[in-house]
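**Student:** Questions regarding the structure given below will be posed in turn.
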Amino acid sequence: MTSKLIAPSILAADFANLQSDIEMVNKSEADWFHIDIMDGVFVPNISFGMPVLDAISRHAKKTIDVHLMIVDPDRYINTFASLGADVLTVHYEACTHLHRTLQAIKNAGMKAGVALNPHTNVDLLKDVIQDIDLVCIMSVNPGFGGQSFIENTYNKVHQLKNIIIEKNAETIIEIDGGVTSKNAKKLVEAGADVLVAGSFVFKSENPTATIQELKNIIA
Ligand code: DX5
Ligand code: ZN
């Protein structure tokens, strides 16, 4: 993949003005919408569910990247496909039969992603990397926006990139959590393809300009 992507995380948007934040992303230089679904079991927080995603996808005009932080995600694969998800990412730690889950996501017509918690070693994906369209390396503990970036992430990106090259896979690497203009360049230099940014974009004075700033940094 040549061009590097920015995916604003809607978790940090203003839920009382969701449509205007979605339109802002539509008109901006952003590439994807990143949508965080939390169940209060896999992570100690509950974000939003299907009716909100349905509302988002009625307005969103870019790729919808859904990050499931839920136990037993297999139950909802077809539901998320029908709600407009283009990429569906499940957590390694939540899937007993990951290979089967990945096939089910692809059979439902979506790109299949796997997210890794900060403590989960990238080597665990070696035997399944060719079946994964996207690996989401969590650079914070999942569950909340606005946390600080874990520095060990750079090592994980390097290691994962080497596995992808070694296995001749086409997997892309996404980074999620604590992304700012300070770490964006180093992350793409390490091998990242997609940067998720929540607070850094939506809590800034001018989110459109902040997205542009990130795009310029990683171009
Ligand atoms: C955290 C979520 C992230 C979050 C990122 O569990 O997966 O997508 O929205 O937010 P920031 O960019 O504020 O760390
Ligand atoms: Zn996320």
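Scheme for the structure tokens: letters A, B, ... for chains in order shown; per-chain residue numbers from 1; ligand numbers from 1 in order shown.
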Please identify all protein, DNA and RNA residues within 7 Å of ligand 2, counting only C-alpha atoms and all ligand atoms, and report them as a PyMOL selection string.

**Tutor:** chain A and resi 9+34-36+67+176

**Student:** Show me, as a PDB file with C-alpha atoms, in the first residue's frame, the residues that have an atom within 9 Å of A:Ala81 when counting only C-alpha atoms, minus same-chain residues fewer than 5 positions from it.

**Tutor:**
ATOM      1  CA  TYR A  76     -22.753 -10.107  15.175  1.00  0.00           C
ATOM      2  CA  ASP A  86     -16.441  -2.180   5.210  1.00  0.00           C
ATOM      3  CA  VAL A  87     -13.703  -3.364   7.568  1.00  0.00           C
ATOM      4  CA  LEU A  88     -14.587  -5.448  10.632  1.00  0.00           C
ATOM      5  CA  ILE A 105     -16.056 -11.805   8.134  1.00  0.00           C
ATOM      6  CA  ALA A 108     -19.995 -11.569   4.760  1.00  0.00           C
ATOM      7  CA  GLY A 109     -18.259  -9.277   2.223  1.00  0.00           C
ATOM      8  CA  MET A 110     -16.020  -7.262   4.561  1.00  0.00           C
TER       9      MET A 110
END

**Student:** Could you tell me how far atom CA of A:His119 sits from atom CA of A:Ile132, in Å to one decimal place?

**Tutor:**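 Going from atom CA of A:Ile132 over to atom CA of A:His119, I get 19.6 Å.
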
**Student:** Would you please work out which residue, of A:Val52, A:Ala219, A:Ile211, A:Ile70, is nearest to A:Leu83 when using only C-alpha atoms?

**Tutor:** A:Val52

**Student:** Name the residues of stretch 53-165 of chain A that fall into alpha helix (DSSP H) according to DSSP on the backbone, using the chain letters and numbers of this document, as a ChimeraX atom specification.

**Tutor:** /A:53-59,77-82,98-107,153-165

**Student:** Restrict the selected residues to N, CA and C atoms and save them as a CSV table (one decimal), in the first residue's frame.

**Tutor:**
chain,number,residue,atom,x,y,z
A,53,LEU,N,-24.6,3.1,14.9
A,53,LEU,CA,-23.9,2.8,13.7
A,53,LEU,C,-24.8,3.0,12.5
A,54,ASP,N,-26.0,2.5,12.6
A,54,ASP,CA,-26.9,2.7,11.5
A,54,ASP,C,-27.1,4.2,11.1
A,55,ALA,N,-27.2,5.0,12.1
A,55,ALA,CA,-27.3,6.5,11.9
A,55,ALA,C,-26.0,7.0,11.2
A,56,ILE,N,-24.9,6.6,11.7
A,56,ILE,CA,-23.6,7.0,11.2
A,56,ILE,C,-23.5,6.6,9.7
A,57,SER,N,-23.8,5.4,9.4
A,57,SER,CA,-23.6,4.9,8.0
A,57,SER,C,-24.5,5.5,7.1
A,58,ARG,N,-25.6,6.1,7.5
A,58,ARG,CA,-26.5,6.8,6.6
A,58,ARG,C,-25.9,8.1,6.1
A,59,HIS,N,-25.0,8.6,6.9
A,59,HIS,CA,-24.4,9.9,6.5
A,59,HIS,C,-22.9,9.8,6.0
A,77,ILE,N,-21.4,-10.7,13.2
A,77,ILE,CA,-20.7,-10.5,12.0
A,77,ILE,C,-21.7,-10.0,10.9
A,78,ASN,N,-22.7,-10.8,10.7
A,78,ASN,CA,-23.7,-10.4,9.6
A,78,ASN,C,-24.4,-9.1,9.9
A,79,THR,N,-24.7,-8.9,11.2
A,79,THR,CA,-25.3,-7.6,11.6
A,79,THR,C,-24.5,-6.4,11.2
A,80,PHE,N,-23.2,-6.5,11.5
A,80,PHE,CA,-22.3,-5.4,11.1
A,80,PHE,C,-22.2,-5.2,9.6
A,81,ALA,N,-22.2,-6.3,8.9
A,81,ALA,CA,-22.1,-6.2,7.4
A,81,ALA,C,-23.4,-5.5,6.9
A,82,SER,N,-24.5,-5.8,7.5
A,82,SER,CA,-25.7,-5.2,7.0
A,82,SER,C,-25.8,-3.7,7.5
A,98,LEU,N,-10.0,-18.0,15.8
A,98,LEU,CA,-9.7,-16.7,15.0
A,98,LEU,C,-9.8,-17.0,13.5
A,99,HIS,N,-9.2,-18.1,13.1
A,99,HIS,CA,-9.2,-18.4,11.6
A,99,HIS,C,-10.7,-18.5,11.1
A,100,ARG,N,-11.5,-19.2,11.9
A,100,ARG,CA,-12.9,-19.3,11.4
A,100,ARG,C,-13.6,-17.9,11.4
A,101,THR,N,-13.3,-17.1,12.4
A,101,THR,CA,-14.0,-15.8,12.5
A,101,THR,C,-13.6,-14.9,11.3
A,102,LEU,N,-12.3,-15.0,10.9
A,102,LEU,CA,-11.8,-14.2,9.8
A,102,LEU,C,-12.5,-14.7,8.5
A,103,GLN,N,-12.7,-16.0,8.3
A,103,GLN,CA,-13.4,-16.4,7.1
A,103,GLN,C,-14.8,-16.0,7.1
A,104,ALA,N,-15.4,-16.0,8.3
A,104,ALA,CA,-16.8,-15.5,8.4
A,104,ALA,C,-17.0,-14.1,8.0
A,105,ILE,N,-16.0,-13.2,8.4
A,105,ILE,CA,-16.1,-11.8,8.1
A,105,ILE,C,-15.9,-11.6,6.6
A,106,LYS,N,-15.0,-12.3,6.0
A,106,LYS,CA,-14.8,-12.2,4.6
A,106,LYS,C,-16.0,-12.7,3.8
A,107,ASN,N,-16.6,-13.8,4.3
A,107,ASN,CA,-17.7,-14.4,3.6
A,107,ASN,C,-18.9,-13.4,3.6
A,153,THR,N,4.9,0.5,21.1
A,153,THR,CA,4.2,0.3,19.9
A,153,THR,C,5.1,0.3,18.6
A,154,TYR,N,6.2,1.1,18.6
A,154,TYR,CA,7.1,1.2,17.5
A,154,TYR,C,7.7,-0.2,17.3
A,155,ASN,N,8.2,-0.8,18.4
A,155,ASN,CA,8.8,-2.2,18.2
A,155,ASN,C,7.8,-3.2,17.6
A,156,LYS,N,6.6,-3.1,18.1
A,156,LYS,CA,5.6,-4.0,17.6
A,156,LYS,C,5.3,-3.8,16.1
A,157,VAL,N,5.3,-2.6,15.7
A,157,VAL,CA,5.1,-2.3,14.2
A,157,VAL,C,6.2,-2.9,13.4
A,158,HIS,N,7.4,-2.6,13.8
A,158,HIS,CA,8.6,-3.2,13.1
A,158,HIS,C,8.5,-4.7,13.0
A,159,GLN,N,8.2,-5.3,14.2
A,159,GLN,CA,8.2,-6.8,14.2
A,159,GLN,C,7.1,-7.3,13.3
A,160,LEU,N,5.9,-6.7,13.3
A,160,LEU,CA,4.8,-7.1,12.5
A,160,LEU,C,5.1,-6.9,11.0
A,161,LYS,N,5.7,-5.8,10.7
A,161,LYS,CA,6.0,-5.5,9.3
A,161,LYS,C,7.0,-6.6,8.7
A,162,ASN,N,7.9,-7.0,9.6
A,162,ASN,CA,8.8,-8.1,9.2
A,162,ASN,C,8.1,-9.4,8.9
A,163,ILE,N,7.1,-9.7,9.8
A,163,ILE,CA,6.3,-10.9,9.6
A,163,ILE,C,5.6,-10.8,8.2
A,164,ILE,N,5.0,-9.7,8.0
A,164,ILE,CA,4.2,-9.5,6.8
A,164,ILE,C,5.1,-9.7,5.5
A,165,ILE,N,6.3,-9.1,5.6
A,165,ILE,CA,7.2,-9.3,4.4
A,165,ILE,C,7.6,-10.7,4.3

**Student:** List all protein, DNA and RNA residues that have at least one atom no more than 8 Å from any atom of ligand 1, counting only C-alpha atoms and all ligand atoms, and write them as an MDAnalysis selection string.

**Tutor:** chainID A and resid 8:12 34:36 67 69 138 140:149 176:180 196:201
